$ cat my_file_9.txt   # compact mmCIF, C-alpha atoms
# COMPACT_ATOMS: atom_id res chain seq x y z
CA MET A 1 -15.15 6.30 -12.59
CA LYS A 2 -15.63 5.14 -9.05
CA GLY A 3 -16.63 1.63 -10.06
CA ARG A 4 -13.62 1.39 -12.23
CA ARG A 5 -11.39 2.52 -9.44
CA GLY A 6 -12.68 -0.10 -7.07
CA ALA A 7 -12.22 -2.92 -9.50
CA LEU A 8 -8.75 -1.70 -10.29
CA ILE A 9 -7.78 -1.65 -6.66
CA ASN A 10 -8.63 -5.32 -6.36
CA ILE A 11 -6.42 -6.20 -9.25
CA LEU A 12 -3.68 -3.88 -8.15
CA CYS A 13 -2.67 -5.10 -4.74
CA LEU A 14 -3.98 -8.61 -5.02
CA GLY A 15 -2.61 -9.47 -8.40
CA PHE A 16 0.70 -7.91 -7.71
CA MET A 17 1.27 -9.40 -4.34
CA VAL A 18 0.71 -12.77 -5.92
CA ALA A 19 3.26 -11.91 -8.56
CA VAL A 20 5.80 -10.72 -6.03
CA MET A 21 5.29 -13.74 -3.86
CA GLY A 22 5.83 -15.87 -6.94
CA ALA A 23 9.17 -14.20 -7.40
CA ALA A 24 10.04 -14.48 -3.75
CA SER A 25 9.54 -18.21 -3.95
CA VAL A 26 12.69 -18.21 -6.06
CA TYR A 27 14.42 -17.51 -2.77
CA GLY A 28 12.48 -20.20 -0.95
CA GLN A 29 10.27 -17.75 0.90
CA ALA A 30 7.16 -19.14 2.53
CA ALA A 31 3.79 -18.09 1.22
CA GLY A 32 2.79 -14.72 2.62
CA PHE A 33 -0.11 -12.39 3.02
CA SER A 34 -0.81 -11.62 -0.55
CA ASP A 35 -1.44 -14.98 -2.05
CA ASN A 36 -3.83 -15.68 0.80
CA ILE A 37 -6.25 -13.03 -0.37
CA TYR A 38 -9.34 -14.73 -1.71
CA PRO A 39 -10.56 -13.36 -5.04
CA VAL A 40 -14.23 -12.60 -4.47
CA GLY A 41 -14.94 -11.17 -7.91
CA LYS A 42 -17.44 -8.41 -8.49
CA LEU A 43 -20.16 -8.38 -5.84
CA LYS A 44 -23.59 -6.83 -5.64
CA PRO A 45 -22.70 -3.27 -4.58
CA ARG A 46 -25.15 -3.26 -1.68
CA ASP A 47 -27.18 -6.02 -0.10
CA SER A 48 -28.77 -4.76 3.10
CA VAL A 49 -31.20 -2.17 4.40
CA LEU A 50 -29.81 0.54 6.62
CA ARG A 51 -31.51 0.83 10.02
CA LEU A 52 -30.08 4.17 11.02
CA LYS A 53 -30.03 7.67 9.72
CA VAL A 54 -27.90 10.68 10.51
CA GLY A 55 -29.12 12.21 13.77
CA ASP A 56 -30.08 8.88 15.37
CA LYS A 57 -28.59 7.67 18.60
CA ALA A 58 -25.97 5.05 17.74
CA PRO A 59 -26.91 1.63 19.13
CA ASP A 60 -24.40 0.67 21.80
CA PHE A 61 -22.72 -2.70 21.62
CA THR A 62 -20.03 -4.74 23.28
CA LEU A 63 -17.67 -6.77 21.13
CA PRO A 64 -14.44 -8.65 21.83
CA SER A 65 -11.31 -7.14 20.32
CA VAL A 66 -8.26 -8.88 18.90
CA GLU A 67 -6.26 -7.36 21.74
CA GLY A 68 -8.47 -9.12 24.25
CA ALA A 69 -10.52 -6.43 25.95
CA ALA A 70 -14.19 -6.01 25.14
CA VAL A 71 -15.02 -2.66 23.55
CA THR A 72 -18.25 -0.68 23.79
CA ILE A 73 -19.19 2.56 22.12
CA GLY A 74 -20.36 3.82 25.49
CA GLN A 75 -16.82 3.82 26.84
CA TYR A 76 -15.99 6.70 24.49
CA ALA A 77 -19.05 8.78 25.37
CA GLY A 78 -18.07 12.35 26.14
CA LYS A 79 -14.40 11.55 25.41
CA LYS A 80 -13.94 10.64 21.77
CA ASN A 81 -15.73 10.68 18.48
CA VAL A 82 -16.01 7.16 17.09
CA VAL A 83 -15.52 6.00 13.53
CA LEU A 84 -16.89 2.53 12.88
CA SER A 85 -15.36 0.86 9.85
CA PHE A 86 -17.26 -2.27 8.89
CA VAL A 87 -15.48 -4.30 6.24
CA PRO A 88 -16.99 -7.38 4.58
CA ALA A 89 -14.58 -10.09 5.65
CA ALA A 90 -10.97 -10.86 6.38
CA TRP A 91 -8.72 -12.02 3.54
CA THR A 92 -10.77 -10.36 0.85
CA PRO A 93 -9.63 -7.70 -1.62
CA VAL A 94 -10.10 -3.99 -0.91
CA CYS A 95 -10.59 -4.60 2.85
CA SER A 96 -7.10 -5.95 2.94
CA ASP A 97 -5.75 -2.53 2.04
CA GLN A 98 -8.40 -0.21 3.48
CA TRP A 99 -7.21 -0.63 7.07
CA PRO A 100 -3.50 -0.43 6.21
CA GLY A 101 -4.39 3.00 4.79
CA TYR A 102 -6.14 4.03 8.00
CA ASN A 103 -3.18 2.67 9.89
CA ILE A 104 -0.93 5.39 8.48
CA ALA A 105 -3.60 8.08 8.84
CA ARG A 106 -3.72 8.13 12.63
CA ASN A 107 -3.02 11.86 12.68
CA LEU A 108 -6.27 12.48 10.88
CA PHE A 109 -8.22 10.68 13.59
CA ASP A 110 -6.22 12.21 16.44
CA LYS A 111 -6.72 15.67 15.02
CA HIS A 112 -10.47 15.22 15.32
CA GLU A 113 -10.36 13.45 18.68
CA ALA A 114 -11.64 10.30 17.06
CA ILE A 115 -11.04 6.64 17.68
CA LEU A 116 -11.38 4.15 14.86
CA LEU A 117 -13.03 0.80 15.51
CA GLY A 118 -12.62 -1.80 12.79
CA ILE A 119 -15.33 -4.45 12.71
CA THR A 120 -15.83 -7.63 10.71
CA VAL A 121 -17.97 -10.74 11.18
CA ASP A 122 -14.85 -12.92 11.43
CA ASN A 123 -13.70 -14.66 14.58
CA ILE A 124 -10.79 -13.44 16.68
CA PRO A 125 -8.13 -15.90 15.50
CA THR A 126 -8.84 -15.03 11.88
CA LEU A 127 -8.69 -11.32 12.63
CA PHE A 128 -5.50 -11.84 14.59
CA ALA A 129 -3.77 -13.50 11.65
CA TRP A 130 -5.17 -11.12 9.07
CA THR A 131 -4.37 -7.85 10.83
CA LYS A 132 -0.93 -9.07 11.82
CA GLN A 133 -0.12 -9.54 8.16
CA MET A 134 -1.15 -5.95 7.37
CA THR A 135 1.64 -4.26 9.21
CA GLY A 136 4.72 -6.28 8.43
CA ARG A 137 7.10 -7.65 10.98
CA GLY A 138 6.61 -6.32 14.47
CA GLY A 139 4.00 -3.81 13.34
CA LYS A 140 0.61 -3.35 14.89
CA LEU A 141 -2.58 -1.55 13.92
CA TRP A 142 -3.10 1.44 16.20
CA PHE A 143 -6.88 0.96 16.44
CA PRO A 144 -8.99 -1.83 17.99
CA VAL A 145 -10.30 -4.51 15.67
CA LEU A 146 -13.56 -6.05 16.83
CA SER A 147 -15.12 -9.40 16.10
CA ASP A 148 -18.84 -9.47 15.31
CA PHE A 149 -18.69 -13.23 14.97
CA TYR A 150 -21.15 -14.55 17.55
CA PRO A 151 -24.05 -14.11 17.62
CA HIS A 152 -23.13 -13.81 13.99
CA GLY A 153 -23.18 -10.25 12.65
CA LYS A 154 -25.34 -9.01 15.50
CA VAL A 155 -23.91 -5.51 15.46
CA ALA A 156 -23.87 -5.35 11.67
CA GLU A 157 -27.55 -6.32 11.80
CA GLN A 158 -28.24 -3.63 14.43
CA TYR A 159 -26.73 -1.03 12.15
CA GLY A 160 -28.39 -2.47 9.04
CA VAL A 161 -25.23 -3.44 7.20
CA LEU A 162 -25.40 -7.25 7.35
CA ARG A 163 -25.56 -8.76 3.88
CA SER A 164 -27.60 -11.80 3.00
CA ASP A 165 -24.49 -13.98 2.75
CA GLY A 166 -23.45 -13.20 6.33
CA THR A 167 -20.69 -10.72 5.47
CA SER A 168 -21.13 -7.04 6.17
CA GLU A 169 -21.17 -4.02 3.94
CA ARG A 170 -18.12 -1.83 3.55
CA ALA A 171 -19.56 0.92 5.71
CA LEU A 172 -18.38 3.90 7.72
CA PHE A 173 -20.31 5.46 10.59
CA VAL A 174 -19.10 8.57 12.36
CA ILE A 175 -20.54 8.94 15.85
CA ASP A 176 -19.95 12.05 17.89
CA LYS A 177 -19.08 12.30 21.57
CA GLN A 178 -22.77 12.49 22.43
CA GLY A 179 -23.32 9.15 20.73
CA ILE A 180 -25.21 10.63 17.79
CA VAL A 181 -24.65 9.28 14.27
CA ARG A 182 -23.28 12.15 12.22
CA TYR A 183 -22.18 10.47 8.98
CA ILE A 184 -23.02 7.24 7.18
CA ASP A 185 -21.33 5.85 4.10
CA VAL A 186 -22.51 2.42 3.06
CA HIS A 187 -20.07 2.15 0.24
CA ASP A 188 -20.18 0.04 -2.89
CA ILE A 189 -18.61 -3.13 -1.49
CA ASN A 190 -16.29 -3.38 -4.48
CA GLU A 191 -14.71 -0.01 -3.87
CA ARG A 192 -12.58 1.69 -1.30
CA PRO A 193 -14.06 4.82 0.24
CA PRO A 194 -11.75 7.78 -0.48
CA LEU A 195 -9.98 9.06 2.61
CA GLU A 196 -10.95 12.66 1.96
CA ALA A 197 -14.66 11.85 2.36
CA LEU A 198 -14.00 10.56 5.85
CA ALA A 199 -11.71 13.51 6.56
CA LYS A 200 -14.53 15.87 5.62
CA ALA A 201 -17.01 13.97 7.80
CA LEU A 202 -14.63 14.37 10.73
CA GLU A 203 -14.15 18.04 9.92
CA ASP A 204 -17.93 18.47 9.86
CA LEU A 205 -18.19 17.29 13.46
CA LYS A 206 -17.16 20.77 14.51
CA LYS A 207 -20.27 22.27 12.93
CA MET B 1 32.18 -48.77 2.02
CA GLU B 2 34.03 -45.99 3.75
CA SER B 3 33.70 -43.73 0.74
CA ASN B 4 29.98 -44.47 0.60
CA LYS B 5 29.65 -43.34 4.19
CA ARG B 6 31.56 -40.23 3.43
CA ARG B 7 29.37 -39.54 0.46
CA LEU B 8 26.27 -40.07 2.59
CA GLY B 9 27.72 -37.70 5.17
CA ALA B 10 28.35 -35.09 2.52
CA ILE B 11 24.80 -35.43 1.24
CA LEU B 12 23.37 -35.13 4.74
CA LEU B 13 25.52 -32.11 5.42
CA PHE B 14 24.32 -30.58 2.18
CA LEU B 15 20.70 -31.23 3.10
CA VAL B 16 21.20 -29.65 6.50
CA PHE B 17 22.71 -26.53 5.00
CA LEU B 18 20.31 -26.26 2.08
CA PRO B 19 17.68 -24.26 3.99
CA LEU B 20 20.39 -21.90 5.21
CA ILE B 21 21.38 -21.18 1.65
CA GLY B 22 17.74 -20.42 0.99
CA CYS B 23 17.62 -18.05 3.96
CA ALA B 24 20.67 -16.18 2.85
CA ALA B 25 19.35 -15.85 -0.67
CA ARG B 26 16.05 -14.41 0.43
CA GLY B 27 17.71 -11.75 2.51
CA PRO B 28 17.25 -8.06 2.06
CA GLU B 29 17.17 -7.88 -1.71
CA ILE B 30 14.52 -6.45 -3.90
CA SER B 31 11.71 -8.82 -4.75
CA ARG B 32 11.75 -8.92 -8.47
CA VAL B 33 9.58 -10.83 -10.83
CA GLY B 34 11.71 -13.07 -12.92
CA GLY B 35 14.78 -13.23 -10.76
CA GLY B 36 16.87 -11.73 -8.00
CA PRO B 37 19.87 -9.46 -8.14
CA GLU B 38 21.72 -12.07 -10.19
CA ALA B 39 19.07 -11.78 -12.86
CA PRO B 40 18.36 -8.06 -12.99
CA ALA B 41 15.95 -6.14 -15.16
CA PRO B 42 15.56 -7.28 -18.73
CA SER B 43 18.16 -5.72 -20.95
CA SER B 44 15.78 -5.21 -23.85
CA VAL B 45 14.94 -1.54 -24.19
CA LYS B 46 11.29 -0.72 -23.81
CA SER B 47 9.92 2.54 -25.11
CA ILE B 48 7.55 4.42 -22.87
CA PRO B 49 5.05 6.85 -24.39
CA SER B 50 5.40 10.32 -22.97
CA PHE B 51 2.77 11.47 -20.52
CA ASP B 52 1.68 14.61 -18.76
CA LEU B 53 1.95 15.34 -15.08
CA PRO B 54 0.66 18.40 -13.26
CA ILE B 55 3.35 20.96 -12.47
CA PRO B 56 3.83 20.68 -8.72
CA GLN B 57 2.74 23.60 -6.56
CA GLY B 58 5.73 23.46 -4.25
CA GLU B 59 8.77 25.48 -5.25
CA ARG B 60 11.11 22.77 -4.04
CA ASP B 61 9.52 20.16 -6.32
CA LYS B 62 9.59 22.57 -9.25
CA VAL B 63 13.27 23.27 -8.80
CA TYR B 64 14.00 19.56 -8.38
CA LEU B 65 12.28 18.68 -11.64
CA GLY B 66 13.37 21.82 -13.49
CA VAL B 67 9.84 22.83 -14.45
CA GLU B 68 8.12 26.17 -14.08
CA GLY B 69 4.71 27.78 -14.10
CA THR B 70 1.36 26.06 -13.83
CA GLY B 71 -0.56 23.46 -15.81
CA ASN B 72 1.08 20.29 -17.00
CA PHE B 73 4.55 19.21 -17.98
CA GLN B 74 5.76 16.17 -19.86
CA LEU B 75 7.97 13.63 -18.20
CA GLY B 76 10.51 14.19 -20.96
CA GLN B 77 10.88 17.79 -19.78
CA VAL B 78 12.43 16.79 -16.48
CA LYS B 79 15.93 18.23 -16.34
CA ALA B 80 17.82 15.00 -15.90
CA PRO B 81 18.94 12.12 -18.10
CA PHE B 82 17.36 9.51 -15.81
CA VAL B 83 14.12 9.40 -13.87
CA ILE B 84 13.15 6.67 -11.42
CA ILE B 85 9.40 6.36 -11.05
CA GLU B 86 8.06 4.66 -7.97
CA VAL B 87 4.53 3.41 -8.59
CA PHE B 88 3.03 3.20 -5.11
CA SER B 89 -0.25 3.38 -3.23
CA PHE B 90 -1.15 4.99 0.06
CA TYR B 91 -3.03 1.79 0.90
CA CYS B 92 -0.34 -0.72 0.00
CA PRO B 93 1.42 -2.14 3.07
CA TYR B 94 4.56 -2.99 1.08
CA CYS B 95 4.76 0.61 -0.16
CA GLN B 96 4.42 1.81 3.41
CA GLN B 97 7.17 -0.50 4.56
CA VAL B 98 9.57 0.46 1.78
CA ALA B 99 8.88 4.23 2.02
CA PRO B 100 11.80 5.02 4.36
CA LYS B 101 14.12 2.99 2.11
CA VAL B 102 13.01 4.96 -0.95
CA ASN B 103 13.74 8.17 0.95
CA GLU B 104 17.18 6.73 1.64
CA LEU B 105 17.65 6.06 -2.07
CA TYR B 106 16.79 9.70 -2.76
CA GLN B 107 19.26 10.92 -0.10
CA LYS B 108 22.03 8.70 -1.46
CA ILE B 109 21.55 10.15 -4.93
CA GLU B 110 21.43 13.74 -3.66
CA GLU B 111 24.53 13.26 -1.54
CA ARG B 112 26.65 12.20 -4.48
CA PRO B 113 27.85 15.02 -6.72
CA ASP B 114 28.27 12.58 -9.61
CA LEU B 115 24.60 11.50 -9.39
CA LYS B 116 22.77 14.56 -8.11
CA GLY B 117 21.01 16.17 -11.03
CA LYS B 118 21.44 13.05 -13.15
CA ILE B 119 18.91 10.78 -11.49
CA LYS B 120 15.58 12.16 -10.31
CA LEU B 121 12.92 10.33 -8.36
CA ILE B 122 9.18 10.76 -8.62
CA GLY B 123 6.26 8.80 -7.18
CA ILE B 124 2.98 7.94 -8.86
CA GLY B 125 0.15 7.20 -6.41
CA SER B 126 -1.84 4.55 -8.16
CA THR B 127 -5.62 4.71 -7.47
CA ASN B 128 -4.86 7.44 -4.93
CA SER B 129 -6.63 10.77 -4.68
CA PRO B 130 -4.58 13.95 -4.20
CA PHE B 131 -5.58 13.83 -0.52
CA GLU B 132 -4.29 10.28 -0.14
CA VAL B 133 -1.03 11.13 -1.90
CA ASN B 134 -0.56 14.12 0.40
CA SER B 135 -1.24 11.95 3.43
CA PHE B 136 1.43 9.51 2.26
CA ARG B 137 3.88 12.36 1.72
CA GLU B 138 3.26 13.73 5.19
CA LYS B 139 3.42 10.38 6.91
CA TYR B 140 6.80 9.42 5.45
CA GLN B 141 8.16 12.94 4.84
CA VAL B 142 8.76 11.99 1.22
CA PRO B 143 11.31 14.47 -0.12
CA PHE B 144 10.65 13.94 -3.85
CA PRO B 145 7.57 14.87 -5.93
CA LEU B 146 4.51 12.61 -5.72
CA PHE B 147 1.60 12.68 -8.15
CA PRO B 148 -1.85 11.10 -7.88
CA ASP B 149 -2.88 8.61 -10.55
CA GLN B 150 -6.45 8.11 -9.49
CA ASN B 151 -7.64 6.22 -12.56
CA LYS B 152 -4.43 4.27 -13.02
CA ASP B 153 -3.78 5.88 -16.40
CA ILE B 154 -0.05 6.20 -15.79
CA PHE B 155 0.08 2.82 -14.07
CA ASN B 156 -1.32 1.23 -17.23
CA LEU B 157 0.79 3.30 -19.55
CA LEU B 158 3.93 2.20 -17.73
CA GLY B 159 2.76 -1.40 -17.87
CA ALA B 160 3.13 -1.76 -14.10
CA ARG B 161 1.73 -4.91 -12.54
CA GLY B 162 1.35 -3.78 -8.97
CA THR B 163 2.78 -1.68 -6.20
CA PRO B 164 5.46 -0.87 -5.40
CA THR B 165 7.14 -0.90 -8.79
CA PHE B 166 10.31 1.00 -9.60
CA ILE B 167 10.80 1.95 -13.22
CA GLY B 168 13.93 3.64 -14.47
CA ILE B 169 13.51 5.79 -17.54
CA ARG B 170 16.21 7.25 -19.74
CA LEU B 171 15.23 10.60 -21.22
CA SER B 172 17.00 11.00 -24.51
CA GLU B 173 17.79 14.34 -26.08
CA LYS B 174 15.38 13.47 -28.87
CA GLY B 175 12.64 13.39 -26.28
CA THR B 176 12.09 9.63 -26.30
CA LEU B 177 11.60 7.71 -23.07
CA GLU B 178 13.26 4.35 -22.68
CA GLN B 179 12.86 2.05 -19.75
CA PHE B 180 16.23 0.81 -18.53
CA TYR B 181 15.34 -0.50 -15.09
CA LEU B 182 12.52 -2.45 -13.49
CA GLY B 183 12.16 -3.41 -9.86
CA GLU B 184 8.95 -4.98 -8.63
CA GLY B 185 8.21 -5.22 -4.94
CA ALA B 186 9.75 -3.83 -1.79
CA PHE B 187 13.48 -3.77 -1.16
CA GLN B 188 15.61 -3.62 1.96
CA ASP B 189 18.93 -2.33 0.75
CA SER B 190 18.81 1.06 -0.96
CA GLN B 191 22.55 0.90 -1.67
CA GLN B 192 22.12 -2.30 -3.64
CA VAL B 193 19.23 -0.82 -5.62
CA LEU B 194 21.25 2.32 -6.35
CA ALA B 195 24.18 0.21 -7.54
CA GLU B 196 21.88 -1.65 -9.92
CA ILE B 197 20.42 1.58 -11.24
CA ILE B 198 23.86 3.06 -11.81
CA LYS B 199 24.99 -0.07 -13.61
CA LEU B 200 21.96 -0.35 -15.86
CA ALA B 201 21.95 3.37 -16.56
CA GLY B 202 25.52 3.01 -17.78
CA LEU B 203 26.77 5.53 -15.25
CA LYS B 204 30.16 4.93 -13.72
CA GLU B 205 30.29 3.86 -10.10
CA ALA B 206 32.37 6.39 -8.19
CA THR B 207 35.84 5.12 -7.38
CA LYS B 208 36.21 4.08 -3.79
CA LYS B 209 38.16 6.33 -1.51
$ encode --input "my_file_9.txt" --output "C-alpha cells"
Amino acid sequence: MKGRRGALINILCLGFMVAVMGAASVYGQAAGFSDNIYPVGKLKPRDSVLRLKVGDKAPDFTLPSVEGAAVTIGQYAGKKNVVLSFVPAAWTPVCSDQWPGYNIARNLFDKHEAILLGITVDNIPTLFAWTKQMTGRGGKLWFPVLSDFYPHGKVAEQYGVLRSDGTSERALFVIDKQGIVRYIDVHDINERPPLEALAKALEDLKK
Amino acid sequence: MESNKRRLGAILLFLVFLPLIGCAARGPEISRVGGGPEAPAPSSVKSIPSFDLPIPQGERDKVYLGVEGTGNFQLGQVKAPFVIIEVFSFYCPYCQQVAPKVNELYQKIEERPDLKGKIKLIGIGSTNSPFEVNSFREKYQVPFPLFPDQNKDIFNLLGARGTPTFIGIRLSEKGTLEQFYLGEGAFQDSQQVLAEIIKLAGLKEATKK
C-alpha cells in the first residue's frame, strides 16, 4: 500500500500541475513551479548505509542556509529538539510537496519545542528558487533550509544517507535537546513519510 | 502613404497592448483545463458511481450532511440536491493557497437562504492520512467535512487529474450522481466560482437588491 501511495503522489501533484499550467498558458501565463519538476521515475528505495543508530550522539555540522546565516545543530543544544529532513534533491517529485506540508504544520513542531532543518545537496541559488516556489507569492518557509552542496553531501555522508548518485535519501532524524538521536526514518525515496509518524516521534521525546 | 502610417501605428499600438490583454485575462479566475470562464465545464453529463464515506464523528458535520449514527454513508444520502467535492491534499501548495477561498465559498453559500441546504461542500484529502486531513482542517479552520482518501480510491473514481479539483455533483431523487461542474486548479474569486456553480446547477441567481 505504501509503495502505491508514494508513486501516486508523484503523479498527483506533478502531473496535475503540468496540466493546470497548460491551461494557464491559455491566459499567457509564464511557466511556473509545476512544469519545472523533473520526473525522476521510480528509484531504488534505498541506496546508502546508515552510520547512526538511535541513542548515538548526533554529529554536529555547520551548513549555509538559504537565508544567509550558517546553521549548526549545536546552536540548538539545550534549547530545542531538532528534526533534520533530508530530501533527495530540489525540483524532484515528492520532495516538492513534503516541505510544503511541513510548512503548514508548524504548530506540531512548536508544540514539541522542535525546530525543523531542511537539507539537500543542492546549492543555495537552486534552493532559493525552489523553496520560493513552494509558498506562492510573498510566502516563506518558516524553517531554515540548508545546503549540503560543498564539500558535496558531506553531512549526508556523515549521517549515512548519501546515495551513490550524489543525492541524499529521504530521511528524517529527530535529535533531542541533549543532541542524542532519538528517531531515524530513512524512508523509501519514492514515498512521502506520513506526518503522524513524525508526530509520534516528537511525542515520544517526552518519554 | 498616410493611411499606411496610420495602419502601422494601429498595429504598433495593438502590439503594445497585447501583453496587457494577456495580463487581464490571466487575472483571478479559476485555472481550468480546457478553457477559462468563457469556456466553462463541459456540458455533457457524466455519471459518477456512488461511493461510501465514513460518517463524520463531529455533530456539526453530521447535521450539515444530514447523516446519523456510525459506520459509512453513501454520497447520495447527503441531504442536498448538489454537492461540491474539493479534491485536495495537505501537501499541495495550491490547495493550501486556495483553502481560505474555499472557506469563503462555503460561507457565501451558507449566508444565502436560497442556497443554504441546497449546495453542500465536502473535501477529499487525496493520499492523505486521517492525521494529515485533520492537520489541514485545523490549519485553515475548514468549516465543512473533510475525508481522507489515502489510497486515492475516490480520486480515481471521480476521474480527478490532480489537486485541487472541484467537482459538482447533482444528486437525483433516483439516487444517481451526475457531475455538472468541474474546476481544476486554484481560484481567486469565490464569487465567480459560486456564480458558475449556480448557473451550471440550473439554480436561479438571486435578484439583485
$ residues_around --input "my_file_9.txt" --residues "range 64-70 of chain B" --least-positions-apart "2" --cutoff "10 Å" --atoms "all atoms listed in the file" --output "list in words"
Pro54, Ile55, Pro56, Gln57, Glu59, Arg60, Asp61, Lys62, Asn72, Phe73, Gln74, Leu75, Gln77, Val78, Lys79, Ala80, Val83, Gly117, Lys120, Leu121, Ile122, Phe144 and Pro145 of chain B
$ closest_residue --input "my_file_9.txt" --among "A:Leu116, A:Leu162, A:Ile180, A:Ala105" --to "chain B" --atoms "all atoms listed in the file"
A:Ala105
$ residues_near_point --input "my_file_9.txt" --point "(-18.8, -12.9, 9.3)" --cutoff "12 Å" --atoms "all atoms listed in the file" --output "MDAnalysis selection string"
chainID A and resid 86:92 119:124 126:127 146:157 161:169
$ closest_residue --input "my_file_9.txt" --among "A:Ile73, A:Leu43, A:Leu63, A:Val94" --to "chain B" --atoms "all atoms listed in the file"
A:Val94
$ closest_residue --input "my_file_9.txt" --among "A:Ala171, A:Met134, A:Ala197, A:Ile184" --to "chain B" --atoms "only C-alpha atoms"
A:Met134
$ atom_distance --input "my_file_9.txt" --atom1 "CA of Gly55 in chain A" --atom2 "CA of Asn107 in chain A"
26.1 Å
$ build_atoms --input "my_file_9.txt" --residues "range 112-132 of chain A" --atoms "N, CA and C atoms" --output "CSV table (one decimal), in the frame of the given file"
chain,number,residue,atom,x,y,z
A,112,HIS,N,-9.0,15.0,15.1
A,112,HIS,CA,-10.5,15.2,15.3
A,112,HIS,C,-11.0,14.5,16.6
A,113,GLU,N,-10.0,14.1,17.4
A,113,GLU,CA,-10.4,13.4,18.7
A,113,GLU,C,-11.2,12.2,18.4
A,114,ALA,N,-10.8,11.5,17.4
A,114,ALA,CA,-11.6,10.3,17.1
A,114,ALA,C,-10.9,9.0,17.2
A,115,ILE,N,-11.6,8.0,17.6
A,115,ILE,CA,-11.0,6.6,17.7
A,115,ILE,C,-11.7,5.9,16.5
A,116,LEU,N,-10.9,5.0,15.9
A,116,LEU,CA,-11.4,4.2,14.9
A,116,LEU,C,-11.6,2.8,15.4
A,117,LEU,N,-12.8,2.2,15.1
A,117,LEU,CA,-13.0,0.8,15.5
A,117,LEU,C,-13.3,0.0,14.2
A,118,GLY,N,-12.4,-0.9,14.0
A,118,GLY,CA,-12.6,-1.8,12.8
A,118,GLY,C,-13.5,-3.0,13.2
A,119,ILE,N,-14.4,-3.3,12.4
A,119,ILE,CA,-15.3,-4.4,12.7
A,119,ILE,C,-15.5,-5.4,11.5
A,120,THR,N,-15.4,-6.7,11.7
A,120,THR,CA,-15.8,-7.6,10.7
A,120,THR,C,-16.6,-8.7,11.4
A,121,VAL,N,-17.2,-9.6,10.6
A,121,VAL,CA,-18.0,-10.7,11.2
A,121,VAL,C,-17.1,-12.0,11.4
A,122,ASP,N,-15.8,-11.8,11.3
A,122,ASP,CA,-14.8,-12.9,11.4
A,122,ASP,C,-14.6,-13.2,12.9
A,123,ASN,N,-14.1,-14.4,13.2
A,123,ASN,CA,-13.7,-14.7,14.6
A,123,ASN,C,-12.3,-14.1,14.9
A,124,ILE,N,-12.0,-14.1,16.2
A,124,ILE,CA,-10.8,-13.4,16.7
A,124,ILE,C,-9.5,-14.1,16.1
A,125,PRO,N,-9.4,-15.4,16.1
A,125,PRO,CA,-8.1,-15.9,15.5
A,125,PRO,C,-7.9,-15.5,14.0
A,126,THR,N,-9.0,-15.5,13.3
A,126,THR,CA,-8.8,-15.0,11.9
A,126,THR,C,-8.4,-13.6,11.8
A,127,LEU,N,-9.0,-12.8,12.6
A,127,LEU,CA,-8.7,-11.3,12.6
A,127,LEU,C,-7.3,-11.1,13.1
A,128,PHE,N,-6.9,-11.9,14.1
A,128,PHE,CA,-5.5,-11.8,14.6
A,128,PHE,C,-4.5,-12.1,13.5
A,129,ALA,N,-4.7,-13.2,12.7
A,129,ALA,CA,-3.8,-13.5,11.6
A,129,ALA,C,-3.8,-12.5,10.5
A,130,TRP,N,-5.0,-12.0,10.2
A,130,TRP,CA,-5.2,-11.1,9.1
A,130,TRP,C,-4.6,-9.8,9.4
A,131,THR,N,-4.9,-9.2,10.5
A,131,THR,CA,-4.4,-7.8,10.8
A,131,THR,C,-2.9,-7.9,11.1
A,132,LYS,N,-2.4,-9.0,11.6
A,132,LYS,CA,-0.9,-9.1,11.8
A,132,LYS,C,-0.2,-9.0,10.5
